[in-house]
file query_16.txt (compact mmCIF, C-alpha atoms)
# COMPACT_ATOMS: atom_id res chain seq x y z
CA MET A 28 -7.56 -18.50 67.96
CA ILE A 29 -10.53 -18.88 70.30
CA ASN A 30 -11.60 -22.12 68.59
CA ASN A 31 -8.15 -23.56 69.19
CA ILE A 32 -8.53 -22.80 72.89
CA TRP A 33 -12.01 -24.28 73.02
CA TYR A 34 -11.74 -27.37 70.81
CA ASN A 35 -8.12 -28.17 69.99
CA ASN A 36 -5.23 -29.36 72.12
CA ALA A 37 -3.35 -26.09 71.70
CA LEU A 38 -1.52 -26.53 75.00
CA LEU A 39 0.75 -23.49 74.76
CA LEU A 40 -2.14 -21.25 73.70
CA ARG A 41 -4.24 -22.51 76.60
CA LEU A 42 -1.44 -21.95 79.09
CA ILE A 43 -1.08 -18.37 77.90
CA CYS A 44 -4.76 -17.43 77.56
CA MET A 45 -6.72 -19.51 80.08
CA PRO A 46 -5.51 -17.68 83.23
CA PHE A 47 -6.94 -14.46 81.77
CA LEU A 48 -10.20 -16.04 80.54
CA ILE A 49 -11.14 -18.26 83.47
CA PRO A 50 -12.14 -15.41 85.85
CA PHE A 51 -14.61 -14.14 83.24
CA SER A 52 -15.92 -17.68 82.72
CA LEU A 53 -16.50 -18.12 86.44
CA LEU A 54 -18.36 -14.81 86.50
CA TYR A 55 -20.45 -15.89 83.50
CA GLY A 56 -21.23 -19.22 85.17
CA LEU A 57 -22.21 -17.52 88.42
CA ILE A 58 -24.53 -15.07 86.70
CA THR A 59 -26.26 -17.69 84.54
CA THR A 60 -26.67 -20.03 87.51
CA LEU A 61 -28.21 -17.26 89.61
CA ILE A 62 -30.58 -16.33 86.79
CA ARG A 63 -31.78 -19.90 86.41
CA LEU A 64 -32.14 -20.30 90.19
CA SER A 65 -34.12 -17.04 90.37
CA TYR A 66 -36.70 -18.42 87.95
CA ARG A 67 -36.81 -21.75 89.76
CA ILE A 68 -37.57 -20.21 93.18
CA GLY A 69 -40.07 -17.72 91.75
CA LEU A 70 -38.05 -14.53 92.05
CA PHE A 71 -38.53 -13.99 88.32
CA GLN A 72 -41.81 -14.83 86.62
CA ILE A 73 -42.10 -17.72 84.18
CA LYS A 74 -44.74 -17.14 81.51
CA ARG A 75 -46.94 -20.14 80.80
CA PHE A 76 -49.15 -20.56 77.74
CA PRO A 77 -52.23 -22.69 77.01
CA LEU A 78 -50.59 -24.89 74.37
CA ALA A 79 -47.55 -27.12 73.95
CA ILE A 80 -44.16 -25.37 73.84
CA ILE A 81 -41.14 -27.28 72.52
CA VAL A 82 -37.66 -25.77 72.85
CA ILE A 83 -34.77 -26.89 70.65
CA GLY A 84 -31.49 -25.51 71.92
CA ASN A 85 -27.90 -26.29 72.73
CA LEU A 86 -25.39 -26.01 75.54
CA THR A 87 -22.60 -24.50 73.46
CA ILE A 88 -22.16 -21.32 71.50
CA GLY A 89 -22.07 -21.68 67.73
CA GLY A 90 -23.82 -23.89 65.20
CA THR A 91 -24.82 -27.42 66.15
CA GLY A 92 -27.62 -28.07 63.64
CA LYS A 93 -30.64 -26.70 65.50
CA THR A 94 -32.33 -25.10 62.51
CA PRO A 95 -32.37 -28.25 60.29
CA LEU A 96 -33.78 -30.13 63.29
CA VAL A 97 -36.49 -27.50 63.79
CA ILE A 98 -37.44 -27.89 60.13
CA TRP A 99 -37.49 -31.69 60.50
CA LEU A 100 -39.72 -31.51 63.58
CA VAL A 101 -42.11 -28.97 62.07
CA GLU A 102 -42.54 -31.05 58.92
CA LYS A 103 -43.12 -34.24 60.90
CA LEU A 104 -45.74 -32.60 63.12
CA LYS A 105 -47.45 -31.02 60.10
CA LYS A 106 -47.60 -34.42 58.41
CA ARG A 107 -49.40 -35.77 61.47
CA GLY A 108 -52.01 -33.03 61.18
CA TRP A 109 -50.88 -30.62 63.88
CA ARG A 110 -50.94 -26.85 63.47
CA VAL A 111 -47.41 -25.64 64.20
CA GLY A 112 -45.86 -22.23 64.79
CA VAL A 113 -42.21 -21.28 65.32
CA VAL A 114 -40.69 -18.50 67.42
CA SER A 115 -37.17 -17.12 67.38
CA ARG A 116 -35.16 -14.27 68.86
CA GLY A 117 -33.98 -13.44 65.36
CA TYR A 118 -30.30 -13.04 66.15
CA GLY A 119 -28.86 -9.94 64.50
CA SER A 120 -32.24 -8.75 63.22
CA CYS A 121 -33.25 -5.10 63.17
CA SER A 122 -36.95 -4.47 62.65
CA VAL A 123 -38.83 -1.23 63.30
CA THR A 124 -41.45 -3.15 65.29
CA TYR A 125 -41.61 -6.42 67.18
CA PRO A 126 -43.05 -9.01 67.29
CA LEU A 127 -42.53 -9.53 63.59
CA LEU A 128 -44.40 -12.13 61.54
CA VAL A 129 -42.21 -13.46 58.73
CA ASN A 130 -43.74 -13.32 55.25
CA SER A 131 -42.75 -13.08 51.60
CA THR A 132 -41.73 -9.43 51.92
CA THR A 133 -39.61 -9.85 55.06
CA MET A 134 -35.89 -9.30 54.61
CA SER A 135 -33.31 -11.34 56.49
CA ASN A 136 -31.93 -8.24 58.21
CA GLN A 137 -35.41 -7.63 59.65
CA CYS A 138 -36.06 -11.10 61.04
CA GLY A 139 -32.72 -12.92 61.05
CA ASP A 140 -31.48 -15.58 58.64
CA GLU A 141 -32.72 -18.67 60.49
CA PRO A 142 -36.38 -17.56 60.92
CA LEU A 143 -36.56 -16.66 57.23
CA LEU A 144 -35.06 -20.01 56.26
CA ILE A 145 -37.53 -21.89 58.48
CA TRP A 146 -40.47 -19.98 56.99
CA GLN A 147 -39.30 -20.59 53.42
CA ARG A 148 -38.83 -24.31 54.02
CA THR A 149 -41.95 -25.05 56.10
CA GLY A 150 -44.52 -22.36 55.33
CA VAL A 151 -45.70 -22.26 58.96
CA SER A 152 -46.22 -19.07 60.95
CA VAL A 153 -42.87 -17.80 62.23
CA ALA A 154 -42.71 -14.91 64.70
CA VAL A 155 -39.60 -13.05 65.82
CA ALA A 156 -39.07 -10.94 68.93
CA PRO A 157 -36.11 -10.16 71.21
CA ARG A 158 -38.16 -11.78 74.01
CA ARG A 159 -39.52 -15.11 72.84
CA ILE A 160 -42.52 -14.85 75.15
CA ASP A 161 -43.65 -11.81 73.12
CA ALA A 162 -43.37 -13.84 69.92
CA VAL A 163 -45.39 -16.70 71.47
CA GLU A 164 -48.12 -14.32 72.62
CA PHE A 165 -48.28 -12.82 69.13
CA LEU A 166 -48.59 -16.19 67.42
CA ILE A 167 -51.32 -17.36 69.79
CA LYS A 168 -53.27 -14.13 69.31
CA ASN A 169 -53.12 -14.26 65.52
CA ASN A 170 -53.16 -18.00 64.75
CA ASP A 171 -55.03 -21.14 65.74
CA LEU A 172 -52.17 -23.42 66.75
CA ASP A 173 -51.63 -26.72 68.55
CA VAL A 174 -47.92 -26.43 69.26
CA ILE A 175 -45.11 -23.86 69.11
CA VAL A 176 -41.48 -24.76 68.50
CA SER A 177 -38.80 -22.38 69.76
CA ASP A 178 -35.68 -22.26 67.60
CA ASP A 179 -33.05 -21.94 70.31
CA GLY A 180 -34.08 -20.51 73.69
CA LEU A 181 -32.93 -23.26 76.04
CA GLN A 182 -31.58 -20.54 78.34
CA HIS A 183 -34.64 -18.27 77.94
CA TYR A 184 -36.15 -19.32 81.26
CA ALA A 185 -38.91 -16.72 81.18
CA LEU A 186 -40.65 -19.01 78.68
CA ALA A 187 -42.27 -22.08 80.23
CA ARG A 188 -41.72 -25.14 78.12
CA ASP A 189 -43.11 -28.67 78.08
CA ILE A 190 -40.29 -30.44 76.24
CA GLU A 191 -36.64 -29.57 75.70
CA TRP A 192 -34.39 -31.05 73.02
CA VAL A 193 -30.67 -30.35 73.07
CA VAL A 194 -28.55 -30.61 69.92
CA ILE A 195 -24.89 -31.56 70.30
CA ASP A 196 -22.16 -31.27 67.70
CA GLY A 197 -21.06 -34.91 67.63
CA ILE A 198 -17.56 -34.08 66.42
CA ARG A 199 -16.61 -31.16 68.67
CA ARG A 200 -18.93 -32.06 71.58
CA PHE A 201 -18.30 -29.66 74.50
CA GLY A 202 -14.70 -28.73 73.76
CA ASN A 203 -12.75 -28.03 76.93
CA GLY A 204 -16.00 -27.88 78.96
CA TRP A 205 -15.54 -24.35 80.27
CA TRP A 206 -18.15 -21.60 80.33
CA ILE A 207 -17.83 -18.72 77.86
CA PRO A 208 -15.28 -17.17 77.17
CA ALA A 209 -12.68 -19.74 78.30
CA GLY A 210 -14.79 -22.43 76.65
CA PRO A 211 -17.87 -22.79 74.44
CA MET A 212 -20.39 -23.68 77.18
CA ARG A 213 -23.53 -21.66 77.82
CA GLU A 214 -24.45 -24.19 80.50
CA ARG A 215 -22.52 -27.10 81.93
CA LYS A 216 -22.98 -30.68 80.80
CA TYR A 217 -25.14 -31.63 83.82
CA ARG A 218 -27.97 -29.62 82.21
CA LEU A 219 -28.53 -32.64 79.96
CA ASN A 220 -30.04 -34.45 82.96
CA SER A 221 -33.14 -32.25 82.80
CA VAL A 222 -33.90 -32.37 79.05
CA GLN A 223 -36.15 -34.86 77.28
CA GLU A 224 -34.04 -35.58 74.19
CA ILE A 225 -30.36 -35.35 73.30
CA ILE A 226 -29.80 -35.17 69.54
CA VAL A 227 -26.24 -35.70 68.31
CA ASN A 228 -25.36 -34.18 64.95
CA GLY A 229 -22.64 -36.34 63.37
CA GLY A 230 -19.88 -38.20 65.15
CA LYS A 231 -20.50 -41.21 67.37
CA ILE A 232 -23.17 -41.89 69.96
CA ARG A 233 -21.65 -42.06 73.44
CA ASP A 234 -24.74 -42.57 75.60
CA ALA A 235 -27.92 -44.62 75.43
CA ARG A 236 -29.98 -41.43 75.75
CA GLU A 237 -28.53 -39.92 72.60
CA THR A 238 -30.28 -39.98 69.22
CA PRO A 239 -28.06 -39.71 66.13
CA MET A 240 -28.75 -37.08 63.48
CA LYS A 241 -26.94 -36.30 60.28
CA ILE A 242 -27.23 -33.35 57.96
CA GLN A 243 -27.66 -34.82 54.51
CA PRO A 244 -27.21 -32.82 51.31
CA ASP A 245 -30.26 -32.77 49.10
CA LEU A 246 -29.89 -30.63 45.98
CA ILE A 247 -27.94 -27.69 44.60
CA VAL A 248 -30.37 -24.81 44.01
CA ASN A 249 -29.91 -21.63 41.97
CA LEU A 250 -30.58 -18.42 43.91
CA LEU A 251 -32.21 -16.65 40.97
CA SER A 252 -34.10 -19.29 39.03
CA ASN A 253 -34.68 -21.90 41.79
CA GLU A 254 -33.46 -24.49 39.30
CA SER A 255 -32.16 -27.54 41.15
CA ILE A 256 -29.44 -30.01 40.16
CA SER A 257 -27.79 -32.99 41.81
CA LEU A 258 -24.49 -32.67 43.66
CA SER A 259 -22.80 -34.89 41.10
CA GLU A 260 -23.31 -32.23 38.43
CA LEU A 261 -20.86 -29.94 40.26
CA LYS A 262 -17.98 -32.39 40.18
CA ASN A 263 -14.99 -31.01 38.30
CA LYS A 264 -16.57 -27.55 38.15
CA LYS A 265 -14.68 -24.39 39.10
CA ILE A 266 -16.25 -23.52 42.44
CA VAL A 267 -15.68 -20.94 45.14
CA ALA A 268 -17.46 -22.02 48.33
CA ILE A 269 -18.48 -19.64 51.10
CA ALA A 270 -20.00 -20.23 54.53
CA GLY A 271 -21.22 -17.79 57.16
CA ILE A 272 -22.41 -20.31 59.75
CA GLY A 273 -21.42 -21.35 63.25
CA TYR A 274 -19.07 -24.10 62.05
CA PRO A 275 -18.08 -23.44 58.40
CA ARG A 276 -15.75 -26.43 58.31
CA ARG A 277 -18.73 -28.77 58.36
CA PHE A 278 -20.03 -27.30 55.11
CA PHE A 279 -16.69 -27.54 53.32
CA CYS A 280 -16.13 -31.11 54.53
CA THR A 281 -19.60 -32.09 53.29
CA LEU A 282 -18.78 -30.82 49.82
CA LYS A 283 -15.59 -32.85 49.72
CA GLU A 284 -17.39 -35.98 50.91
CA TYR A 285 -19.55 -35.73 47.80
CA GLY A 286 -16.65 -35.11 45.45
CA ILE A 287 -17.04 -31.33 45.17
CA LEU A 288 -13.60 -29.74 45.46
CA PRO A 289 -13.73 -25.93 45.56
CA ILE A 290 -10.75 -24.03 44.26
CA LYS A 291 -11.26 -21.63 47.17
CA GLU A 292 -13.05 -21.72 50.53
CA VAL A 293 -14.09 -18.46 52.20
CA ASN A 294 -15.25 -18.18 55.83
CA PHE A 295 -17.58 -15.45 56.97
CA SER A 296 -18.81 -14.83 60.51
CA ASP A 297 -21.99 -16.53 61.68
CA HIS A 298 -25.12 -14.48 60.83
CA GLN A 299 -23.04 -12.37 58.42
CA HIS A 300 -25.03 -9.49 56.91
CA TYR A 301 -23.91 -9.81 53.31
CA GLN A 302 -23.64 -6.95 50.90
CA GLU A 303 -23.13 -7.29 47.17
CA LYS A 304 -19.57 -5.99 47.44
CA ASP A 305 -18.69 -8.85 49.84
CA LEU A 306 -19.29 -11.49 47.20
CA ILE A 307 -19.19 -9.97 43.75
CA ASN A 308 -15.41 -10.15 43.43
CA LEU A 309 -14.97 -13.65 44.82
CA ILE A 310 -15.37 -15.28 41.41
CA PRO A 311 -14.52 -14.11 37.90
CA THR A 312 -17.37 -12.99 35.71
CA HIS A 313 -16.64 -15.96 33.46
CA SER A 314 -19.73 -18.18 33.33
CA HIS A 315 -17.81 -21.37 34.08
CA PHE A 316 -17.21 -20.30 37.68
CA ILE A 317 -19.78 -21.01 40.40
CA LEU A 318 -20.28 -19.39 43.79
CA LEU A 319 -21.64 -22.05 46.15
CA MET A 320 -23.00 -21.25 49.61
CA THR A 321 -25.12 -22.65 52.42
CA GLU A 322 -28.89 -22.31 52.40
CA LYS A 323 -28.63 -20.04 55.43
CA ASP A 324 -26.35 -17.71 53.46
CA ALA A 325 -28.61 -17.83 50.43
CA VAL A 326 -31.63 -16.27 52.18
CA LYS A 327 -29.53 -13.12 52.67
CA CYS A 328 -28.20 -12.90 49.11
CA ARG A 329 -31.21 -13.33 46.84
CA THR A 330 -31.80 -9.61 46.24
CA PHE A 331 -28.40 -9.16 44.59
CA ALA A 332 -27.63 -12.70 43.42
CA ARG A 333 -26.06 -13.55 40.07
CA LYS A 334 -27.06 -16.35 37.72
CA ASN A 335 -24.05 -18.48 38.69
CA TRP A 336 -24.75 -18.36 42.45
CA TRP A 337 -26.04 -21.61 43.95
CA TYR A 338 -26.67 -23.02 47.42
CA LEU A 339 -26.65 -26.48 48.96
CA ARG A 340 -30.00 -27.53 50.38
CA VAL A 341 -29.71 -29.96 53.29
CA ASN A 342 -32.07 -32.00 55.43
CA ALA A 343 -31.78 -33.35 58.96
CA ILE A 344 -31.99 -37.14 58.92
CA LEU A 345 -32.92 -39.05 62.08
CA PRO A 346 -33.46 -42.81 62.44
CA SER A 347 -36.95 -43.77 61.26
CA SER A 348 -37.07 -46.29 64.11
CA LYS A 349 -36.91 -43.40 66.58
CA GLU A 350 -39.49 -41.15 64.96
CA ASN A 351 -42.40 -42.31 67.11
CA LEU A 352 -40.30 -42.24 70.27
CA LEU A 353 -39.49 -38.60 69.56
CA LEU A 354 -42.93 -37.45 68.43
CA LEU A 355 -45.32 -39.32 70.73
CA PRO A 356 -44.32 -37.38 73.90
CA ILE A 357 -44.97 -34.15 72.01
CA GLU A 358 -48.35 -35.37 70.80
CA LYS A 359 -49.20 -36.43 74.35
CA VAL A 360 -48.54 -32.88 75.56
CA ILE A 361 -50.55 -31.40 72.67
CA ASN A 362 -53.52 -33.63 73.51
CA HIS A 363 -53.21 -32.70 77.19
CA TYR A 364 -53.77 -29.04 76.38
CA LEU A 365 -56.57 -29.81 73.91
CA LYS A 366 -58.43 -31.80 76.60
CA LYS A 367 -58.08 -28.88 79.01
CA ASP A 368 -59.88 -26.66 76.50
call {"tool": "encode", "arguments": {"input": "query_16.txt", "output": "structure tokens"}}
result
Amino acid sequence: MINNIWYNNALLLRLICMPFLIPFSLLYGLITTLIRLSYRIGLFQIKRFPLAIIVIGNLTIGGTGKTPLVIWLVEKLKKRGWRVGVVSRGYGSCSVTYPLLVNSTTMSNQCGDEPLLIWQRTGVSVAVAPRRIDAVEFLIKNNDLDVIVSDDGLQHYALARDIEWVVIDGIRRFGNGWWIPAGPMRERKYRLNSVQEIIVNGGKIRDARETPMKIQPDLIVNLLSNESISLSELKNKKIVAIAGIGYPRRFFCTLKEYGILPIKEVNFSDHQHYQEKDLINLIPTHSHFILLMTEKDAVKCRTFARKNWWYLRVNAILPSSKENLLLLPIEKVINHYLKKD
């Protein structure tokens, strides 16, 4: 229901619900504005660090494609010879101690699904803490790095940052434009005026400042064996598809674009903590059936996966003509800090 209020022209639903939600949205907007102003005027301390900090975030609640973009940026910076670390709040994580350095023994419920996915895909140092500044301090203390990328954290104003990138869902954009809970906005659209890059995931470009991005399927990978196959090999197969991400519809639409037509689509909540019982009965034990999920879901299911469970690996694709325009400002900041040393 809430998505219909935020993103769809459900006029009757809006007329019924908005009068009750708007007061809470105004309160949310007032509080977040005061918090940001408090950091700006020095009432709250902003922690600065002696190396480049890049924040990739969004203005709306829910998935916009930040994590694939973080992976893209980390890989590009690594390829250019820079030593990169990543920090995250680790949404939904529950570790005995923080900061937590992700490694091969870390479980998704300890660090969160996105940090584990980033570590598995990039191999760089990934630290998780409820306060990102603690994670940054930990990485700097234990690693020799040139740059740290924050997965999300646009609104974490305690962390000083050199460059901000905002990711926009190009299809849904900003919905009705209201603050949470009447709308999907964490901050209002004018916040885009203060960021360095606006990355639009899918849809059409509406402004000269925007850079297009698409999430492109790569391979289908088996959770147990890591065997990989092409998407075309799943055509005409009996598939049940699941998605526990911010916008599950995007995953299901992607499958259909590539000719994969599941017999059933199952939505789970974003950052779902899966248990074996949640999935084991979704498909018959018959070997001809396949359970297909997102890569973000897969990192939470490996310990109890079955041989017919697969995930779709995806990559963020940005225009090659824009790569230097995106990376050179970051490298300029990195070199600035290196010269200061």
call {"tool": "closest_residue", "arguments": {"input": "query_16.txt", "among": "A:His363, A:Arg340, A:Ile207, A:Glu358", "to": "Gln147 in chain A", "atoms": "all atoms listed in the file"}}
result
A:Arg340
call {"tool": "closest_residue", "arguments": {"input": "query_16.txt", "among": "A:Tyr338, A:Trp146, A:Pro157, A:Phe316", "to": "Ile256 in chain A", "atoms": "all atoms listed in the file"}}
result
A:Tyr338
call {"tool": "residues_around", "arguments": {"input": "query_16.txt", "residues": "Ser115 in chain A", "least_positions_apart": "4", "cutoff": "9 Å", "atoms": "only C-alpha atoms", "output": "CSV table (one decimal) with C-alpha atoms, in the frame of the given file"}}
result
chain,number,residue,atom,x,y,z
A,138,CYS,CA,-36.1,-11.1,61.0
A,139,GLY,CA,-32.7,-12.9,61.0
A,141,GLU,CA,-32.7,-18.7,60.5
A,142,PRO,CA,-36.4,-17.6,60.9
A,153,VAL,CA,-42.9,-17.8,62.2
A,154,ALA,CA,-42.7,-14.9,64.7
A,155,VAL,CA,-39.6,-13.0,65.8
A,156,ALA,CA,-39.1,-10.9,68.9
A,157,PRO,CA,-36.1,-10.2,71.2
A,158,ARG,CA,-38.2,-11.8,74.0
A,159,ARG,CA,-39.5,-15.1,72.8
A,162,ALA,CA,-43.4,-13.8,69.9
A,176,VAL,CA,-41.5,-24.8,68.5
A,177,SER,CA,-38.8,-22.4,69.8
A,178,ASP,CA,-35.7,-22.3,67.6
A,179,ASP,CA,-33.0,-21.9,70.3
A,180,GLY,CA,-34.1,-20.5,73.7
call {"tool": "residues_around", "arguments": {"input": "query_16.txt", "residues": "Ala187 in chain A", "least_positions_apart": "4", "cutoff": "7 Å", "atoms": "only C-alpha atoms", "output": "list in words"}}
result
Ile73, Lys74 and Arg75 of chain A
call {"tool": "write_last_selection", "arguments": {"input": "query_16.txt", "atoms": "C-alpha atoms", "output": "compact mmCIF listing (two decimals), in the coordinates of the input"}}
result
# COMPACT_ATOMS: atom_id res chain seq x y z
CA ILE A 73 -42.10 -17.72 84.18
CA LYS A 74 -44.74 -17.14 81.51
CA ARG A 75 -46.94 -20.14 80.80
call {"tool": "closest_residue", "arguments": {"input": "query_16.txt", "among": "A:Ser122, A:Val174, A:Trp336, A:Lys168", "to": "Lys105 in chain A", "atoms": "all atoms listed in the file"}}
result
A:Val174
call {"tool": "axis_aligned_box", "arguments": {"input": "query_16.txt", "around": "range 187-202 of chain A", "padding_each_side": "3 Å", "output": "JSON"}}
result
{"center_x": -28.9, "center_y": -28.5, "center_z": 73.3, "size_x": 34.4, "size_y": 18.8, "size_z": 19.8}
call {"tool": "residues_near_point", "arguments": {"input": "query_16.txt", "point": "(-21.9, -35.1, 79.5)", "cutoff": "10 Å", "atoms": "all atoms listed in the file", "output": "PyMOL selection string"}}
result
chain A and resi 200-201+204+215-220+233-234
call {"tool": "residues_around", "arguments": {"input": "query_16.txt", "residues": "Arg329 in chain A", "least_positions_apart": "3", "cutoff": "7 Å", "atoms": "only C-alpha atoms", "output": "list in words"}}
result
Leu250, Leu251, Ala325, Val326 and Ala332 of chain A
call {"tool": "closest_residue", "arguments": {"input": "query_16.txt", "among": "A:Ile266, A:Ile175, A:Val222, A:Ile247", "to": "Leu78 in chain A", "atoms": "all atoms listed in the file"}}
result
A:Ile175
call {"tool": "residues_around", "arguments": {"input": "query_16.txt", "residues": "range 272-279 of chain A", "least_positions_apart": "6", "cutoff": "7 Å", "atoms": "only C-alpha atoms", "output": "PDB file with C-alpha atoms, keeping the file's coordinate frame"}}
result
ATOM      1  CA  GLY A  89     -22.070 -21.680  67.730  1.00  0.00           C
ATOM      2  CA  GLY A  90     -23.820 -23.890  65.200  1.00  0.00           C
ATOM      3  CA  ASN A 294     -15.250 -18.180  55.830  1.00  0.00           C
ATOM      4  CA  SER A 296     -18.810 -14.830  60.510  1.00  0.00           C
ATOM      5  CA  ASP A 297     -21.990 -16.530  61.680  1.00  0.00           C
ATOM      6  CA  HIS A 298     -25.120 -14.480  60.830  1.00  0.00           C
TER       7      HIS A 298
END
call {"tool": "closest_residue", "arguments": {"input": "query_16.txt", "among": "A:Pro311, A:Gly286, A:Pro239, A:Gly69", "to": "Leu353 in chain A", "atoms": "only C-alpha atoms"}}
result
A:Pro239
call {"tool": "closest_residue", "arguments": {"input": "query_16.txt", "among": "A:Asp245, A:Glu102, A:Glu292, A:Asp189", "to": "Ala268 in chain A", "atoms": "all atoms listed in the file"}}
result
A:Glu292
call {"tool": "residues_near_point", "arguments": {"input": "query_16.txt", "point": "(-16.4, -11.7, 43.9)", "cutoff": "12 Å", "atoms": "all atoms listed in the file", "output": "list in words"}}
result
Ile266, Val267, Ala268, Ile269, Lys291, Val293, Gln302, Glu303, Lys304, Asp305, Leu306, Ile307, Asn308, Leu309, Ile310, Pro311, Thr312, His313, Phe316, Ile317, Leu318, Leu319, Ala332, Arg333, Asn335 and Trp336 of chain A
call {"tool": "residues_around", "arguments": {"input": "query_16.txt", "residues": "range 235-237 of chain A", "least_positions_apart": "6", "cutoff": "7 Å", "atoms": "all atoms listed in the file", "output": "mmCIF file with C-alpha atoms, in the frame of the given file"}}
result
data_model
loop_
_atom_site.group_PDB
_atom_site.id
_atom_site.type_symbol
_atom_site.label_atom_id
_atom_site.label_comp_id
_atom_site.auth_asym_id
_atom_site.auth_seq_id
_atom_site.Cartn_x
_atom_site.Cartn_y
_atom_site.Cartn_z
ATOM 1 C CA ILE A 225 -30.360 -35.350 73.300
ATOM 2 C CA ILE A 226 -29.800 -35.170 69.540
ATOM 3 C CA VAL A 227 -26.240 -35.700 68.310
#
call {"tool": "atom_distance", "arguments": {"input": "query_16.txt", "atom1": "CA of Pro244 in chain A", "atom2": "CA of Lys349 in chain A"}}
result
21.0 Å
call {"tool": "atom_distance", "arguments": {"input": "query_16.txt", "atom1": "CA of Val193 in chain A", "atom2": "CA of Gly56 in chain A"}}
result
19.0 Å
call {"tool": "atom_distance", "arguments": {"input": "query_16.txt", "atom1": "CA of Gln137 in chain A", "atom2": "CA of Pro95 in chain A"}}
result
20.9 Å
